[in-house]
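The file final02.tsv contains TSV, C-alpha atoms and all ligand atoms:
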```tsv
chain	number	residue	atom	x	y	z
A	1100	MET	CA	57.12	3.36	145.12
A	1101	VAL	CA	54.22	1.56	143.41
A	1102	PRO	CA	53.69	2.45	139.75
A	1103	PHE	CA	50.17	2.69	138.35
A	1104	LEU	CA	51.24	0.46	135.44
A	1105	ASP	CA	54.60	-1.12	134.62
A	1106	LEU	CA	54.67	-2.72	131.16
A	1107	LYS	CA	58.39	-3.49	131.48
A	1108	ARG	CA	57.78	-6.25	134.01
A	1109	GLN	CA	55.65	-8.17	131.54
A	1110	TYR	CA	58.05	-7.60	128.65
A	1111	HIS	CA	61.00	-8.88	130.67
A	1112	GLU	CA	59.06	-11.99	131.69
A	1113	LEU	CA	58.27	-12.81	128.05
A	1114	LYS	CA	61.27	-11.21	126.35
A	1115	GLY	CA	62.51	-14.42	124.71
A	1116	GLU	CA	59.16	-15.24	123.15
A	1117	ILE	CA	58.28	-11.67	122.14
A	1118	ASP	CA	61.67	-10.94	120.59
A	1119	ALA	CA	61.53	-14.19	118.59
A	1120	ALA	CA	58.01	-13.39	117.35
A	1121	VAL	CA	58.97	-9.86	116.26
A	1122	LEU	CA	62.19	-11.04	114.58
A	1123	GLY	CA	60.16	-13.68	112.74
A	1124	VAL	CA	58.05	-10.93	111.19
A	1125	LEU	CA	61.14	-8.92	110.26
A	1126	GLU	CA	62.61	-11.98	108.54
A	1127	SER	CA	59.35	-12.61	106.68
A	1128	CYS	CA	59.10	-8.99	105.49
A	1129	GLN	CA	55.32	-9.51	105.47
A	1130	PHE	CA	54.52	-6.40	107.49
A	1131	ILE	CA	50.83	-5.67	106.90
A	1132	LEU	CA	47.98	-8.22	107.30
A	1133	GLY	CA	49.22	-11.68	106.15
A	1134	PRO	CA	49.48	-15.01	107.99
A	1135	GLU	CA	50.31	-13.65	111.47
A	1136	VAL	CA	47.21	-11.42	111.35
A	1137	THR	CA	44.99	-14.24	110.06
A	1138	ALA	CA	46.26	-16.63	112.74
A	1139	PHE	CA	45.72	-14.05	115.48
A	1140	GLU	CA	42.19	-13.33	114.20
A	1141	GLU	CA	41.32	-17.03	114.45
A	1142	GLU	CA	42.84	-17.37	117.93
A	1143	PHE	CA	41.17	-14.23	119.26
A	1144	ALA	CA	37.77	-15.19	117.78
A	1145	SER	CA	38.02	-18.53	119.53
A	1146	TYR	CA	39.04	-16.83	122.79
A	1147	CYS	CA	35.90	-14.65	122.56
A	1148	GLN	CA	33.64	-17.56	121.57
A	1149	ALA	CA	32.80	-15.56	118.41
A	1150	PRO	CA	32.77	-17.07	114.90
A	1151	TYR	CA	34.64	-14.17	113.23
A	1152	ALA	CA	37.25	-11.61	114.25
A	1153	ILE	CA	38.68	-8.96	111.92
A	1154	GLY	CA	41.85	-7.16	112.99
A	1155	CYS	CA	42.31	-3.42	112.48
A	1156	ASN	CA	44.63	-0.66	113.60
A	1157	SER	CA	42.91	0.58	116.79
A	1158	GLY	CA	39.90	0.19	119.04
A	1159	THR	CA	38.58	3.42	117.58
A	1160	SER	CA	38.79	1.95	114.06
A	1161	ALA	CA	37.08	-1.19	115.35
A	1162	LEU	CA	34.12	0.90	116.56
A	1163	HIS	CA	34.02	2.89	113.31
A	1164	LEU	CA	34.11	-0.31	111.21
A	1165	ALA	CA	31.38	-1.96	113.31
A	1166	LEU	CA	29.13	1.09	112.90
A	1167	LEU	CA	29.75	1.17	109.13
A	1168	ALA	CA	29.06	-2.57	108.82
A	1169	ALA	CA	25.80	-2.00	110.66
A	1170	GLY	CA	24.89	0.60	108.03
A	1171	ILE	CA	24.96	3.60	110.36
A	1172	GLY	CA	25.49	7.03	108.86
A	1173	ALA	CA	24.38	10.65	108.70
A	1174	GLY	CA	20.92	11.27	110.17
A	1175	ASP	CA	21.03	8.21	112.43
A	1176	GLU	CA	21.19	8.19	116.22
A	1177	VAL	CA	23.21	5.79	118.36
A	1178	ILE	CA	22.56	5.42	122.07
A	1179	THR	CA	25.56	5.17	124.40
A	1180	VAL	CA	26.87	6.52	127.73
A	1181	PRO	CA	28.81	9.74	128.44
A	1182	PHE	CA	30.97	8.08	131.13
A	1183	THR	CA	33.47	6.32	128.84
A	1184	PHE	CA	36.60	7.00	126.83
A	1185	VAL	CA	35.96	9.67	124.18
A	1186	ALA	CA	36.40	7.17	121.32
A	1187	THR	CA	32.99	5.59	121.96
A	1188	ALA	CA	31.21	8.82	121.00
A	1189	GLY	CA	33.96	9.90	118.59
A	1190	ALA	CA	33.51	6.82	116.40
A	1191	ILE	CA	29.75	7.47	116.22
A	1192	ARG	CA	30.50	11.00	115.05
A	1193	TYR	CA	32.94	9.72	112.38
A	1194	THR	CA	29.93	8.16	110.62
A	1195	GLY	CA	27.91	11.39	110.71
A	1196	ALA	CA	25.46	9.86	113.18
A	1197	ARG	CA	24.58	11.52	116.47
A	1198	PRO	CA	25.50	10.06	119.87
A	1199	VAL	CA	22.49	10.10	122.19
A	1200	PHE	CA	23.52	9.59	125.80
A	1201	VAL	CA	21.83	7.76	128.65
A	1202	ASP	CA	23.13	7.77	132.22
A	1203	ILE	CA	25.01	5.00	134.02
A	1204	ASP	CA	24.03	2.77	136.91
A	1205	PRO	CA	26.16	4.22	139.73
A	1206	ALA	CA	26.77	0.75	141.23
A	1207	THR	CA	28.59	-0.59	138.14
A	1208	PHE	CA	29.53	2.55	136.12
A	1209	ASN	CA	27.78	0.86	133.15
A	1210	MET	CA	24.77	1.83	131.00
A	1211	ASP	CA	21.50	1.83	132.94
A	1212	PRO	CA	19.19	-0.28	130.73
A	1213	ALA	CA	16.10	1.32	132.31
A	1214	GLN	CA	16.96	4.64	130.61
A	1215	ILE	CA	17.24	3.36	127.04
A	1216	GLU	CA	13.58	3.28	126.06
A	1217	ALA	CA	13.04	7.00	126.69
A	1218	ALA	CA	16.04	7.86	124.48
A	1219	ILE	CA	14.78	5.95	121.42
A	1220	THR	CA	13.45	8.02	118.48
A	1221	PRO	CA	12.53	7.03	114.91
A	1222	ARG	CA	16.17	7.80	113.99
A	1223	THR	CA	17.72	5.42	116.53
A	1224	LYS	CA	19.64	2.60	114.80
A	1225	ALA	CA	21.94	1.10	117.43
A	1226	ILE	CA	23.00	0.91	121.06
A	1227	ILE	CA	26.65	0.84	122.14
A	1228	PRO	CA	26.93	-0.46	125.71
A	1229	VAL	CA	30.47	-0.01	127.07
A	1230	HIS	CA	31.88	-2.79	129.28
A	1231	LEU	CA	33.58	-0.16	131.37
A	1232	PHE	CA	36.67	-0.97	133.46
A	1233	GLY	CA	36.41	-4.65	132.44
A	1234	GLN	CA	32.89	-5.49	133.54
A	1235	CYS	CA	30.11	-6.31	131.08
A	1236	ALA	CA	27.12	-3.99	130.96
A	1237	ASP	CA	23.77	-5.56	131.92
A	1238	MET	CA	23.31	-7.10	128.48
A	1239	GLY	CA	20.08	-9.05	129.11
A	1240	PRO	CA	17.74	-6.04	129.35
A	1241	ILE	CA	19.81	-4.12	126.76
A	1242	LEU	CA	19.33	-6.91	124.19
A	1243	GLU	CA	15.66	-7.13	125.11
A	1244	VAL	CA	14.92	-3.46	124.42
A	1245	ALA	CA	17.11	-3.57	121.29
A	1246	HIS	CA	15.21	-6.56	119.97
A	1247	ARG	CA	11.85	-4.95	120.64
A	1248	HIS	CA	12.85	-1.82	118.70
A	1249	ARG	CA	14.95	-3.63	116.05
A	1250	LEU	CA	18.17	-1.87	117.04
A	1251	MET	CA	21.70	-3.17	116.54
A	1252	VAL	CA	23.87	-3.77	119.61
A	1253	ILE	CA	27.59	-3.02	119.30
A	1254	GLU	CA	29.64	-3.88	122.39
A	1255	ASP	CA	32.47	-1.49	123.24
A	1256	ALA	CA	34.65	-4.19	124.76
A	1257	ALA	CA	37.88	-2.16	124.50
A	1258	GLN	CA	38.49	-2.74	128.23
A	1259	ALA	CA	36.87	-6.16	128.52
A	1260	HIS	CA	39.00	-8.92	126.91
A	1261	GLY	CA	37.76	-12.14	128.52
A	1262	ALA	CA	34.99	-10.52	130.57
A	1263	GLU	CA	31.82	-12.61	130.86
A	1264	TYR	CA	28.11	-11.96	131.30
A	1265	GLN	CA	26.15	-15.01	132.46
A	1266	GLY	CA	28.81	-17.28	130.98
A	1267	ARG	CA	29.02	-15.47	127.65
A	1268	ARG	CA	32.22	-13.75	126.62
A	1269	ALA	CA	32.40	-10.05	125.80
A	1270	GLY	CA	32.33	-9.64	122.03
A	1271	SER	CA	29.96	-12.58	121.52
A	1272	ILE	CA	26.85	-11.07	123.12
A	1273	GLY	CA	25.75	-8.25	120.80
A	1274	ASP	CA	25.72	-8.11	116.99
A	1275	LEU	CA	29.31	-6.86	116.91
A	1276	GLY	CA	32.07	-6.46	119.51
A	1277	CYS	CA	34.97	-3.99	119.44
A	1278	PHE	CA	38.30	-4.41	121.23
A	1279	SER	CA	41.40	-2.25	121.59
A	1280	PHE	CA	44.98	-3.50	121.88
A	1281	TYR	CA	46.39	-0.16	123.02
A	1282	PRO	CA	49.48	-1.08	125.08
A	1283	GLY	CA	47.89	-0.43	128.48
A	1284	LYS	CA	44.77	-2.56	127.84
A	1285	ASN	CA	44.45	-6.07	129.32
A	1286	LEU	CA	45.71	-7.49	126.02
A	1287	GLY	CA	48.08	-4.82	124.74
A	1288	ALA	CA	50.10	-4.64	121.52
A	1289	TYR	CA	53.49	-2.94	121.12
A	1290	GLY	CA	51.83	-0.20	119.12
A	1291	GLU	CA	48.24	0.41	118.04
A	1292	GLY	CA	45.72	-2.35	117.31
A	1293	GLY	CA	42.07	-3.35	117.50
A	1294	ILE	CA	39.63	-6.04	116.37
A	1295	VAL	CA	35.92	-6.50	115.62
A	1296	THR	CA	34.14	-9.74	116.55
A	1297	THR	CA	30.83	-10.93	115.12
A	1298	ALA	CA	28.76	-14.02	114.39
A	1299	ASN	CA	27.44	-12.49	111.16
A	1300	PRO	CA	29.44	-13.54	108.05
A	1301	GLU	CA	28.14	-10.58	106.01
A	1302	TYR	CA	29.34	-8.05	108.59
A	1303	ALA	CA	32.66	-9.88	108.78
A	1304	GLN	CA	33.09	-9.67	105.01
A	1305	ARG	CA	32.14	-5.97	104.89
A	1306	ILE	CA	34.58	-5.15	107.67
A	1307	ARG	CA	37.37	-7.10	105.99
A	1308	MET	CA	36.83	-4.95	102.89
A	1309	LEU	CA	36.29	-1.63	104.72
A	1310	ARG	CA	39.55	-1.93	106.69
A	1311	ASP	CA	41.50	-2.20	103.41
A	1312	TRP	CA	40.06	0.52	101.17
A	1313	GLY	CA	36.87	-1.39	100.44
A	1314	ALA	CA	38.70	-3.77	98.12
A	1315	GLU	CA	37.06	-7.04	97.17
A	1316	ARG	CA	40.45	-8.02	95.77
A	1317	ARG	CA	43.49	-5.90	95.12
A	1318	TYR	CA	42.61	-2.68	93.22
A	1319	HIS	CA	38.96	-3.71	92.87
A	1320	TYR	CA	37.13	-1.33	95.17
A	1321	VAL	CA	33.49	-2.07	95.91
A	1322	LEU	CA	33.04	0.06	99.05
A	1323	GLN	CA	34.41	3.44	100.15
A	1324	GLY	CA	36.87	2.09	102.67
A	1325	TYR	CA	39.74	3.11	104.92
A	1326	ASN	CA	43.35	2.26	105.66
A	1327	TYR	CA	42.60	0.55	108.98
A	1328	ARG	CA	44.82	-2.54	108.53
A	1329	LEU	CA	46.47	-4.39	111.42
A	1330	ASP	CA	50.23	-4.88	111.06
A	1331	SER	CA	52.01	-8.21	111.46
A	1332	VAL	CA	54.41	-7.18	114.23
A	1333	GLN	CA	51.40	-6.32	116.42
A	1334	ALA	CA	49.67	-9.59	115.52
A	1335	ALA	CA	52.80	-11.61	116.32
A	1336	VAL	CA	53.17	-9.91	119.73
A	1337	LEU	CA	49.45	-10.35	120.44
A	1338	ARG	CA	49.61	-14.08	119.58
A	1339	VAL	CA	52.31	-14.59	122.21
A	1340	LYS	CA	50.47	-12.51	124.80
A	1341	LEU	CA	47.04	-14.07	124.19
A	1342	ARG	CA	48.41	-17.37	125.55
A	1343	TYR	CA	48.98	-15.65	128.92
A	1344	LEU	CA	45.79	-13.60	129.05
A	1345	GLU	CA	43.79	-15.97	131.27
A	1346	ARG	CA	46.65	-16.17	133.77
A	1347	TRP	CA	46.96	-12.37	133.82
A	1348	THR	CA	43.22	-11.94	134.20
A	1349	GLU	CA	43.20	-14.26	137.21
A	1350	ALA	CA	46.10	-12.24	138.68
A	1351	ARG	CA	44.08	-9.02	138.22
A	1352	ARG	CA	41.08	-10.66	139.89
A	1353	ALA	CA	43.26	-11.84	142.78
A	1354	ASN	CA	44.60	-8.29	143.23
A	1355	ALA	CA	41.03	-6.99	143.25
A	1356	ARG	CA	39.96	-9.56	145.88
A	1357	ARG	CA	42.96	-8.60	148.04
A	1358	TYR	CA	42.08	-4.90	147.80
A	1359	ALA	CA	38.52	-5.75	148.80
A	1360	GLU	CA	39.77	-7.61	151.90
A	1361	LEU	CA	42.15	-4.82	152.86
A	1362	LEU	CA	39.97	-1.81	152.02
A	1363	GLY	CA	36.49	-3.00	153.03
A	1364	GLY	CA	34.81	-0.27	155.08
A	1365	ALA	CA	37.52	2.32	154.34
A	1366	VAL	CA	36.49	3.37	150.80
A	1367	GLU	CA	33.77	2.66	148.26
A	1368	LEU	CA	34.91	-0.39	146.28
A	1369	PRO	CA	33.96	-1.51	142.74
A	1370	GLU	CA	31.14	-4.06	142.59
A	1371	GLU	CA	31.11	-7.20	140.49
A	1372	ALA	CA	27.48	-7.69	139.46
A	1373	LEU	CA	25.98	-11.16	139.94
A	1374	GLY	CA	26.74	-13.42	136.95
A	1375	ASN	CA	29.62	-11.24	135.73
A	1376	ARG	CA	33.29	-12.01	135.34
A	1377	HIS	CA	34.99	-8.66	135.89
A	1378	VAL	CA	38.48	-8.55	134.33
A	1379	TYR	CA	39.61	-5.41	136.20
A	1380	ALA	CA	41.17	-3.43	133.38
A	1381	VAL	CA	40.67	-0.68	135.96
A	1382	PHE	CA	40.17	-1.07	139.71
A	1383	ALA	CA	37.93	1.92	140.39
A	1384	ILE	CA	37.30	3.08	143.93
A	1385	GLN	CA	35.22	6.16	144.73
A	1386	ALA	CA	35.94	8.87	147.26
A	1387	GLN	CA	34.37	12.21	148.07
A	1388	ASN	CA	37.84	13.77	148.40
A	1389	ARG	CA	39.29	11.99	145.37
A	1390	ASP	CA	41.73	14.73	144.31
A	1391	ALA	CA	43.20	15.08	147.81
A	1392	MET	CA	43.53	11.29	148.06
A	1393	GLN	CA	45.30	11.09	144.71
A	1394	LYS	CA	47.70	13.85	145.78
A	1395	ALA	CA	48.45	12.17	149.11
A	1396	LEU	CA	49.08	8.82	147.39
A	1397	ALA	CA	51.37	10.50	144.83
A	1398	ALA	CA	53.35	12.06	147.68
A	1399	ASP	CA	53.79	8.51	149.05
A	1400	GLY	CA	55.05	7.31	145.64
A	1401	ILE	CA	51.86	5.52	144.66
A	1402	GLY	CA	50.63	5.94	141.10
A	1403	THR	CA	46.90	6.24	140.42
A	1404	ALA	CA	44.77	7.53	137.55
A	1405	VAL	CA	41.37	9.15	137.07
A	1406	TYR	CA	39.04	7.56	134.49
A	1407	TYR	CA	37.44	9.89	133.48
A	1408	PRO	CA	37.56	13.41	134.94
A	1409	VAL	CA	35.16	14.91	132.35
A	1410	PRO	CA	32.12	12.99	131.04
A	1411	ILE	CA	31.88	13.31	127.26
A	1412	HIS	CA	28.71	15.44	127.30
A	1413	LEU	CA	30.61	18.13	129.24
A	1414	SER	CA	33.79	18.08	127.16
A	1415	GLN	CA	34.34	21.14	125.01
A	1416	ALA	CA	34.61	19.11	121.81
A	1417	HIS	CA	31.12	17.65	122.20
A	1418	ARG	CA	29.23	20.61	123.62
A	1419	ASP	CA	27.47	21.02	120.29
A	1420	LEU	CA	25.39	17.92	121.16
A	1421	GLY	CA	23.43	20.25	123.40
A	1422	TYR	CA	23.81	18.60	126.79
A	1423	GLY	CA	24.90	20.49	129.89
A	1424	PRO	CA	25.74	20.10	133.57
A	1425	GLY	CA	23.05	18.05	135.29
A	1426	SER	CA	22.07	16.13	132.13
A	1427	PHE	CA	23.57	12.87	133.46
A	1428	PRO	CA	24.01	13.17	137.24
A	1429	HIS	CA	25.41	9.67	137.88
A	1430	SER	CA	28.05	10.09	135.17
A	1431	GLU	CA	28.99	13.52	136.51
A	1432	HIS	CA	29.15	12.22	140.09
A	1433	ALA	CA	31.36	9.28	139.05
A	1434	SER	CA	33.71	11.57	137.14
A	1435	GLN	CA	34.26	13.61	140.30
A	1436	ARG	CA	34.79	10.63	142.62
A	1437	GLU	CA	36.47	7.85	140.62
A	1438	LEU	CA	40.08	6.89	141.42
A	1439	SER	CA	41.89	3.99	139.71
A	1440	LEU	CA	44.39	1.98	141.77
A	1441	PRO	CA	47.27	-0.10	140.37
A	1442	VAL	CA	45.87	-3.56	139.52
A	1443	PHE	CA	48.16	-4.84	136.73
A	1444	PRO	CA	48.92	-8.59	136.88
A	1445	GLU	CA	52.61	-8.30	137.82
A	1446	LEU	CA	51.85	-6.22	140.93
A	1447	THR	CA	53.27	-8.00	144.03
A	1448	ASP	CA	51.28	-8.83	147.18
A	1449	ALA	CA	53.52	-6.42	149.10
A	1450	GLU	CA	52.65	-3.64	146.65
A	1451	VAL	CA	48.90	-4.24	146.96
A	1452	GLU	CA	49.28	-4.18	150.75
A	1453	GLU	CA	51.32	-0.97	150.55
A	1454	VAL	CA	48.68	0.79	148.42
A	1455	ALA	CA	45.88	-0.39	150.72
A	1456	ALA	CA	47.76	0.70	153.86
A	1457	ARG	CA	48.30	4.21	152.47
A	1458	ILE	CA	44.65	4.52	151.52
A	1459	ARG	CA	43.51	3.34	154.94
A	1460	ALA	CA	45.83	5.84	156.60
A	1461	PHE	CA	44.48	8.66	154.43
A	1462	ALA	CA	40.84	7.66	154.88
A	1463	GLY	CA	41.34	7.36	158.66
A	1464	LYS	CA	42.94	10.78	158.87
A	1465	ASP	CA	40.23	12.29	156.80
A	1466	VAL	CA	37.22	11.25	158.90
A	1467	ASN	CA	38.77	12.71	162.07
B	1	LIG	C1	40.73	2.35	124.67
B	1	LIG	C2	39.30	2.52	124.40
B	1	LIG	C3	38.80	2.77	123.11
B	1	LIG	C4	39.67	3.13	121.94
B	1	LIG	O1	40.70	2.26	121.65
B	1	LIG	P1	42.01	2.81	120.90
B	1	LIG	O2	42.75	1.53	120.58
B	1	LIG	O3	42.75	3.69	121.84
B	1	LIG	O4	41.57	3.52	119.68
B	1	LIG	C5	37.43	2.80	122.93
B	1	LIG	N1	36.58	2.63	123.95
B	1	LIG	C6	37.01	2.41	125.21
B	1	LIG	C7	36.01	2.21	126.29
B	1	LIG	C8	38.38	2.38	125.48
B	1	LIG	O5	38.79	2.18	126.73
```

Take the structure in this file and express it as structure tokens.
Ligand SMILES: *Cc1c(COP(=O)(O)O)cnc(C)c1O
Amino acid sequence: MVPFLDLKRQYHELKGEIDAAVLGVLESCQFILGPEVTAFEEEFASYCQAPYAIGCNSGTSALHLALLAAGIGAGDEVITVPFTFVATAGAIRYTGARPVFVDIDPATFNMDPAQIEAAITPRTKAIIPVHLFGQCADMGPILEVAHRHRLMVIEDAAQAHGAEYQGRRAGSIGDLGCFSFYPGKNLGAYGEGGIVTTANPEYAQRIRMLRDWGAERRYHYVLQGYNYRLDSVQAAVLRVKLRYLERWTEARRANARRYAELLGGAVELPEEALGNRHVYAVFAIQAQNRDAMQKALAADGIGTAVYYPVPIHLSQAHRDLGYGPGSFPHSEHASQRELSLPVFPELTDAEVEEVAARIRAFAGKDVN
């Protein structure tokens, strides 16, 4: 039996430290924002090589806050990809703006920069590249086209804590960066959490107000804000876990390298683009007979997942955007062929070998 993800292993390794951190918050009775949140914001900003980081209560809120700080609202258009978690487009819709999709590069699953220009209209205000599965989008050409058209760039780095593009950390490349601390992410809280990074002090200040009802100080509201505050228990847990993140990321990368050695030639493997540091939030292989492979692996006790079976432009909730089948062929193709293998840091060598052996057996059977 190899689970797709086992959060208990990590908790048991760090139980002493985590329990002490949580109990410290309970003793303090400072539950919302406060010193643990401020300390975590400083530590996470430094980890991302970004001057400011503002904690909030989910990755979705982080995206919403970043869009609001950038001044995006009804009547505006924001360019992103349909092959991502629904929150990327959902947060755009929260503001009243319209998501305008461009297709992905099938080699990396990330935004194809060559398609952006044709999607720009006089209403376009921003681009949200998603660093999908833990690998940065091709930010050089994305920033170039954004600069030429005076568009904001908001990184959806919800899966990309510690990922790098040409030596620059995710969250420090665009105007704003958005991260999620959902428990299954590379840096996961014990509840909901998110953060926005930026180098712009005005955006940082706006976001700090918007996450707490738009208050400049208590009961003095200057913006129409939200209750998007980060709680102290999450910040305390995240502070402990952040100290291990580099070690865990290297373990994920080692698992990915081992899969590549064991599976080369048997299945289509994920590619790490030149100059990127992929942090393997997801280890995404592709197979023509993905559903049969997933079923066979499940029968062998091996957990896998599919990210994502329906691209956003084909989901019922977002049909009103007016796209249809065939609008984004690479996204649609990826959604039919993607299969995520276990890659979490605590996975043992024997487990990686077991998963690879079962896949090789299935792939071998299948070609005959
Ligand atoms: C997880 C995720 C989000 C949303 O984060 P939540 O914390 O679940 O709100 C946004 N975008 C991407 C790409 C994600 O993977």

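If you look at atom CA of A:Gly1293 and atom CA of A:Ile1131, they are 13.9 Å away from each other.
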
Using only C-alpha atoms for the distances, tell me which of A:Ala1217, A:Ala1262, A:Ala1359, A:Leu1438 is nearest to A:Cys1235.
A:Ala1262

I'd like the neighbourhood of stretch 1331-1338 of chain A as a PyMOL selection string, where a residue qualifies if any of its atoms comes within 9 Å (using all atoms listed in the file), though same-chain residues fewer than 6 positions away should be ignored.
chain A and resi 1116-1118+1120-1125+1129-1140+1142-1143+1154+1280+1286-1292

How would the residues just picked look written out with C-alpha atoms as a PDB file, in the frame of the given file?
```pdb
ATOM      1  CA  GLU A1116      59.160 -15.240 123.150  1.00  0.00           C
ATOM      2  CA  ILE A1117      58.280 -11.670 122.140  1.00  0.00           C
ATOM      3  CA  ASP A1118      61.670 -10.940 120.590  1.00  0.00           C
ATOM      4  CA  ALA A1120      58.010 -13.390 117.350  1.00  0.00           C
ATOM      5  CA  VAL A1121      58.970  -9.860 116.260  1.00  0.00           C
ATOM      6  CA  LEU A1122      62.190 -11.040 114.580  1.00  0.00           C
ATOM      7  CA  GLY A1123      60.160 -13.680 112.740  1.00  0.00           C
ATOM      8  CA  VAL A1124      58.050 -10.930 111.190  1.00  0.00           C
ATOM      9  CA  LEU A1125      61.140  -8.920 110.260  1.00  0.00           C
ATOM     10  CA  GLN A1129      55.320  -9.510 105.470  1.00  0.00           C
ATOM     11  CA  PHE A1130      54.520  -6.400 107.490  1.00  0.00           C
ATOM     12  CA  ILE A1131      50.830  -5.670 106.900  1.00  0.00           C
ATOM     13  CA  LEU A1132      47.980  -8.220 107.300  1.00  0.00           C
ATOM     14  CA  GLY A1133      49.220 -11.680 106.150  1.00  0.00           C
ATOM     15  CA  PRO A1134      49.480 -15.010 107.990  1.00  0.00           C
ATOM     16  CA  GLU A1135      50.310 -13.650 111.470  1.00  0.00           C
ATOM     17  CA  VAL A1136      47.210 -11.420 111.350  1.00  0.00           C
ATOM     18  CA  THR A1137      44.990 -14.240 110.060  1.00  0.00           C
ATOM     19  CA  ALA A1138      46.260 -16.630 112.740  1.00  0.00           C
ATOM     20  CA  PHE A1139      45.720 -14.050 115.480  1.00  0.00           C
ATOM     21  CA  GLU A1140      42.190 -13.330 114.200  1.00  0.00           C
ATOM     22  CA  GLU A1142      42.840 -17.370 117.930  1.00  0.00           C
ATOM     23  CA  PHE A1143      41.170 -14.230 119.260  1.00  0.00           C
ATOM     24  CA  GLY A1154      41.850  -7.160 112.990  1.00  0.00           C
ATOM     25  CA  PHE A1280      44.980  -3.500 121.880  1.00  0.00           C
ATOM     26  CA  LEU A1286      45.710  -7.490 126.020  1.00  0.00           C
ATOM     27  CA  GLY A1287      48.080  -4.820 124.740  1.00  0.00           C
ATOM     28  CA  ALA A1288      50.100  -4.640 121.520  1.00  0.00           C
ATOM     29  CA  TYR A1289      53.490  -2.940 121.120  1.00  0.00           C
ATOM     30  CA  GLY A1290      51.830  -0.200 119.120  1.00  0.00           C
ATOM     31  CA  GLU A1291      48.240   0.410 118.040  1.00  0.00           C
ATOM     32  CA  GLY A1292      45.720  -2.350 117.310  1.00  0.00           C
TER      33      GLY A1292
END
```

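Proximity of A:Gly1374, A:Gly1158, A:Gly1261, A:Pro1408 to ligand LIG 1 (chain B), computed with only C-alpha atoms and all ligand atoms, is greatest for A:Gly1158.
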
What does the list of residues within 8 Å of ligand LIG 1 (chain B) look like if you count all atoms listed in the file, written as a PyMOL selection string?
chain A and resi 1156-1162+1183-1187+1229-1232+1255-1258+1278-1281+1284+1291-1293

Rounded to one decimal in Å, what is the spacing between atom CA of A:Ala1213 and atom CA of A:Asp1237?
10.3 Å

Show me, as a ChimeraX atom specification, the residues that have an atom within 10 Å of A:Tyr1379 when counting only C-alpha atoms, minus same-chain residues fewer than 3 positions from it.
/A:1231-1234,1258-1260,1262,1285,1348-1355,1369,1371,1376,1382-1383,1442-1444

Could you check how far atom CA of A:Ala1398 sits from atom CA of A:Leu1106, in Å to one decimal?
22.2 Å

Using 8 Å as the limit and counting only C-alpha atoms, can you tabulate each residue of stretch 1273-1321 of chain A that touches stretch 1145-1153 of chain A, with its shortest atom-to-atom distance in Å and the two atoms involved, as JSON lines?
```
{"residue": "A:Ile1294", "atom": "CA", "partner": "A:Ile1153", "partner_atom": "CA", "distance": 5.4}
{"residue": "A:Val1295", "atom": "CA", "partner": "A:Ile1153", "partner_atom": "CA", "distance": 5.2}
{"residue": "A:Thr1296", "atom": "CA", "partner": "A:Ala1152", "partner_atom": "CA", "distance": 4.3}
{"residue": "A:Thr1297", "atom": "CA", "partner": "A:Tyr1151", "partner_atom": "CA", "distance": 5.3}
{"residue": "A:Ala1298", "atom": "CA", "partner": "A:Pro1150", "partner_atom": "CA", "distance": 5.1}
{"residue": "A:Asn1299", "atom": "CA", "partner": "A:Tyr1151", "partner_atom": "CA", "distance": 7.7}
{"residue": "A:Pro1300", "atom": "CA", "partner": "A:Tyr1151", "partner_atom": "CA", "distance": 7.4}
{"residue": "A:Ala1303", "atom": "CA", "partner": "A:Tyr1151", "partner_atom": "CA", "distance": 6.5}
{"residue": "A:Ile1306", "atom": "CA", "partner": "A:Ile1153", "partner_atom": "CA", "distance": 7.0}
{"residue": "A:Arg1307", "atom": "CA", "partner": "A:Ile1153", "partner_atom": "CA", "distance": 6.4}
```

Which residue, A:His1246, A:Ile1178, A:Glu1254, A:Gln1109, has the smallest gap to A:Ile1219 when you use only C-alpha atoms?
A:Ile1178

At a cut-off of 10 Å, using only C-alpha atoms, what residues contact A:Pro1212? Leave out same-chain residues fewer than 5 positions from it and give the result as a JSON list (two decimals) with C-alpha atoms, keeping the file's coordinate frame.
```json
[["chain", "number", "residue", "atom", "x", "y", "z"],
["A", 1201, "VAL", "CA", 21.83, 7.76, 128.65],
["A", 1202, "ASP", "CA", 23.13, 7.77, 132.22],
["A", 1203, "ILE", "CA", 25.01, 5.00, 134.02],
["A", 1204, "ASP", "CA", 24.03, 2.77, 136.91],
["A", 1228, "PRO", "CA", 26.93, -0.46, 125.71],
["A", 1236, "ALA", "CA", 27.12, -3.99, 130.96],
["A", 1237, "ASP", "CA", 23.77, -5.56, 131.92],
["A", 1238, "MET", "CA", 23.31, -7.10, 128.48],
["A", 1239, "GLY", "CA", 20.08, -9.05, 129.11],
["A", 1240, "PRO", "CA", 17.74, -6.04, 129.35],
["A", 1241, "ILE", "CA", 19.81, -4.12, 126.76],
["A", 1242, "LEU", "CA", 19.33, -6.91, 124.19],
["A", 1243, "GLU", "CA", 15.66, -7.13, 125.11],
["A", 1244, "VAL", "CA", 14.92, -3.46, 124.42]]
```

For A:Ala1404, the nearest of the candidates A:Pro1282, A:Gly1313, A:Gly1421, A:Pro1102, counting only C-alpha atoms
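For A:Ala1404, the nearest of the candidates is A:Pro1102.
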